[in-house]
Structures are given as C-alpha cells and as structure tokens.
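Written below as structure tokens is the structure these notes are about.
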Amino acid sequence: MDPKSASNLSFILNKPHDVAFADRPVPSLQGPHDVLVGVNYTGICGSDVHYWEHGAIGHFVVKDPMVLGHESAGTVVEVGSAVTTLSAGDRIALEPGYPCRRCAPCLGGRYNLCPDMRFAATPPYDGTLTGFWVAPADFCYKLPDNVSLQEGALIEPLAVAVHIVRQAAVTPGQSVVVMGAGPVGLLCAAVARAFGASKVVSVDIVESKLAFAKSFCSTHIYTSQRIAAEDNAANIKREADLEGGADVVIDASGAEPSIQTSLHVVRMGGTYVQGGMGKSDITFPIMAMCLKEVTAKGSFRYGSGDYKLAIDLVAGGKVDVKRLISGTVPFKEAEDAFKKVKEGEVIKMLIAGPNEKL
Ligand SMILES: NC(=O)c1ccc[n+]([C@@H]2O[C@H](COP(=O)([O-])OP(=O)(O)OC[C@H]3O[C@@H](n4cnc5c(N)ncnc54)[C@H](O)[C@@H]3O)[C@@H](O)[C@H]2O)c1
Ligand SMILES: OC[C@H](O)C(O)[C@@H](O)CO
C-alpha cells in the first residue's frame, strides 16, 4: 500500500455521540526505530464505547477531538533506518501503548505502569481507527502465517487476559472462577484453560453469554442471582463441586456484586485478581480477604512478554479467538458497529481499515 495514494481517513470522537470522519495527514516516522503501519482491522473495546457515550473514563477526559480505537492489526509499509526485525509487507499485531522506557516502573520491568504512557485512544492521544499508524518496531509483533490479520486484532484483548491470568499465577490442575463472560472474561477463561486449569467456571448475569462460554472453553457456568454474595458464592461452590472454594478467582466484570461474590468463592489461601474496571469505590468484603489470607492483586493492560504469549496461544491453537468475532464492517460503518457493541448483541466487532476492501 502506498501511503502517498492511500486514504488516511480517521474515525474521530468530537464529543459524546458526536463522531466524524476526517482525512488526516499520513504520520511520519519519528525516529530510526519506528515503523509505519497500514491499519487493516481494529476491534471495538468497551473503553472505546465508553468514550463515545460519555467522553471520559475516570480522569481521562476527551477535551479535543480524538481518534478512537486501540485493538489493531496491520501491515508494515515503511521501516526506519535502524529497524532490523521487520520489513515492508510484514503482517503485525500492534501493541498500542508506548512507555517512556526510563522511569522506575519501566526499568523495573513493569512498563504498563509507566506514568508517562502514551496509550492509543486514551486522551490526549489519538487511537488506531485510521489509515496509517507509526509505532516503535519493538511494539509491533509479526504474525505467524497461520494467524490472520482479523485474529491479529484480537491479540490486544487476549494480551489483557494473559496479563490477568499471569497475575493470578494459574498452574496446572487448579480451579479458576471467572466473573464476567464478556470478551475479557471469555479470554481469561480460555487462557486459564491453556495454562492447565482443570476447572474453569464462568459466571455472568446473561445466560446467552454463559452458553457461549460453555461452548468456548469453560467447564462450568453459573448465572449470578440477585441474592446475597455469600449465597451466590455457596451456589457456585456447590454447582461446580468446589468444596472449600476456588484456587483462583478473577473479576472480569467490574461489577460490585461480582467482586463481593469473588471474595466468598475463593478458597483459604487462594488468589483473587481484579481485572474488571467498574466503579472506582465499592463495598469490599475485606474481612473474608483477611481471614482467608487471600492474595489479592490488580491487573492493568499488559507488559513484557504478554503480546508474544498471546500470539503463541493463537498460533498454537490453544485459544480460538476467531470464534469471538461477531462481524467485520467497512470503515465508513464504524459508528453502526459501536451501536451494536453498546446494544450488547455482539461479542467482538471488527472495523476494516479505510484502505481495506471487504
Ligand atoms: N484491567 C485492564 O487492563 C482492562 C483492560 C480491558 C478491559 N478491562 C475491563 O474488563 C472488564 C471486562 O471487559 P469486557 O470488554 O469483557 O466488558 P463487557 O462489558 O463485555 O463484559 C462484562 C461482563 O460482566 C457481566 N456482568 C455484569 N454484572 C455482573 C455480575 N454481577 N456478575 C457477573 N457478571 C456480571 C456482564 O453481563 C458482561 O458480560 C470491563 O470492566 C473492562 O473495563 C480491564
Ligand atoms: O485494553 C486496554 C484498555 O482498554 C485500556 O487500558 C482502557 O481501558 C483505558 O485506556
């Protein structure tokens, strides 16, 4: 694709529910280690939909028009003079956040915690729903021949799940309960299976999502009821035969009742990981955490090795991300795809890049 003759049409959020398409200048390489990527496919994340609806997530507020999107795969079109690992034509999954590489978290190996992270479609930084994108070469991961560009767009949420399951340190034979069967919860359940968990229980409030989870990877499912958290936890333990509780519980819902249930379903000395992002403050069953000596951890985005492992899991047939793709729309239908995601009819919608023929 020649960037001189191709479109750099971008899908821009002006303010909540006010989006526009604009042909922006094709970006140039900023340094010798950069590559220019033609964006082929981008998945819609819940955070994109949240910005589209509300114009903000916590203290990240869209003040100026911002290009949406951060779950992308593309094709390299130009490489900087110092790039040795990629060449024009390579198909890649795009890691969309660039840390400073100099601060204490970066040097400590946890670059996802960099305070100066420039993350796509997180204000003030533009996202990847555009024709061309410039990235450091080491944040572009070559896709093996048996991984499609559509699957490549799913590597981002899969890397989120890989990071969560690594935080939980899941080992073979363990029991894992995953709260939430949206894309992140489904992928956490699949990664937990791939890590050797023998029992993976998906919990949600929507039965159709659980039916999908069962067909996708979960060994057990449970529809959460509007009852006390302790009672939901007791039901999960009984129905999934988890006497004493689960070794690991992951929240991928962000919902307060689900977080409360999690602390009652985890076993003595078990591990709890918070992956879901809902309300900033909730009522948390801290006594259960204390008395059971639960190891509780957070998980934010992804770090060293997560993208690589996510690609290996797809290439090795361990996680079939294709099954999560509900449909792909042309670039000009981006807003309709956002509406579909908001209505909850779909699992993962992809938007083709502006130069992609469907
Ligand atoms: N930690 C990170 O870096 C990171 C990255 C991406 C997304 N997230 C967060 O992960 C969460 C999941 O993302 P997603 O894209 O799958 O979102 P999603 O909204 O598609 O999925 C959330 C699921 O939780 C279910 N749910 C709601 N209330 C529940 C309850 N009481 N019990 C059980 N399930 C319940 C919903 O029905 C839904 O299926 C979101 O909160 C998102 O913000 C975190
Ligand atoms: O997958 C990455 C997440 O969607 C982002 O961190 C988002 O939630 C905030 O920028």
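How things are named: the first chain in the structure tokens is A, the next is B, and so on; residues count from 1 in each chain; ligands count from 1 in the order shown.
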For this session: Write as a ChimeraX atom specification the residues around ligand 1, taking 8 Å as the cut-off and counting only C-alpha atoms and all ligand atoms.
Result: /A:45-47,157,160,164,179-186,203-206,209,223-224,251-259,274-278,298-302,344,347
For this session: Would you kindly return, as number ranges by chain, each protein, DNA or RNA residue with an atom no farther than 9 Å from any atom of Arg24 in chain A, considering only C-alpha atoms and excluding same-chain residues fewer than 2 positions away?
Result: A: 7-10, 22, 26-27, 130-131
Using only C-alpha atoms, please write the residues we just selected to a file, as a PDB file, in the first residue's frame.
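Saved to result.pdb:
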```pdb
ATOM      1  CA  SER A   7      -6.503   7.159   2.482  1.00  0.00           C
ATOM      2  CA  ASN A   8      -5.704   8.216   5.998  1.00  0.00           C
ATOM      3  CA  LEU A   9      -9.360   8.582   6.864  1.00  0.00           C
ATOM      4  CA  SER A  10      -9.768   8.598  10.663  1.00  0.00           C
ATOM      5  CA  ALA A  22     -11.629  13.238   8.560  1.00  0.00           C
ATOM      6  CA  VAL A  26      -0.283  10.345   6.960  1.00  0.00           C
ATOM      7  CA  PRO A  27       2.043  10.345  10.009  1.00  0.00           C
ATOM      8  CA  THR A 130      -7.149   5.442  10.991  1.00  0.00           C
ATOM      9  CA  GLY A 131      -5.354   4.533   7.770  1.00  0.00           C
TER      10      GLY A 131
END
```
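Distance annotation: of A:Glu71, A:Glu343, A:Asp138, A:Glu293, the residue with the minimal separation from ligand 2 is A:Glu71; atom set is only C-alpha atoms and all ligand atoms.
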Exercise. Of the candidates A:Ala120, A:Leu13, A:Val19, A:Cys100, which one gets nearest to ligand 2 if we count only C-alpha atoms and all ligand atoms?
Worked result: A:Ala120
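DSSP on the backbone gives helix (DSSP H, G or I) for these parts of range 82-164 of chain A: A:Ala104, A:Pro105, A:Cys106, A:Leu107, A:Tyr111, A:Asn112, A:Leu113, A:Ala137, A:Asp138, A:Phe139, A:Leu149, A:Gln150, A:Glu151, A:Gly152, A:Ala153, A:Ile155, A:Glu156, A:Pro157, A:Leu158, A:Ala159, A:Val160, A:Ala161, A:Val162, A:His163, A:Ile164.
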For this session: With a distance cut-off of 8 Å and only C-alpha atoms, select the neighbouring residues of Val62 in chain A, excluding the residue or stretch itself and same-chain residues fewer than 6 positions from it, and output the selection as a PyMOL selection string.
Result: chain A and resi 15+51+55-56+123-124
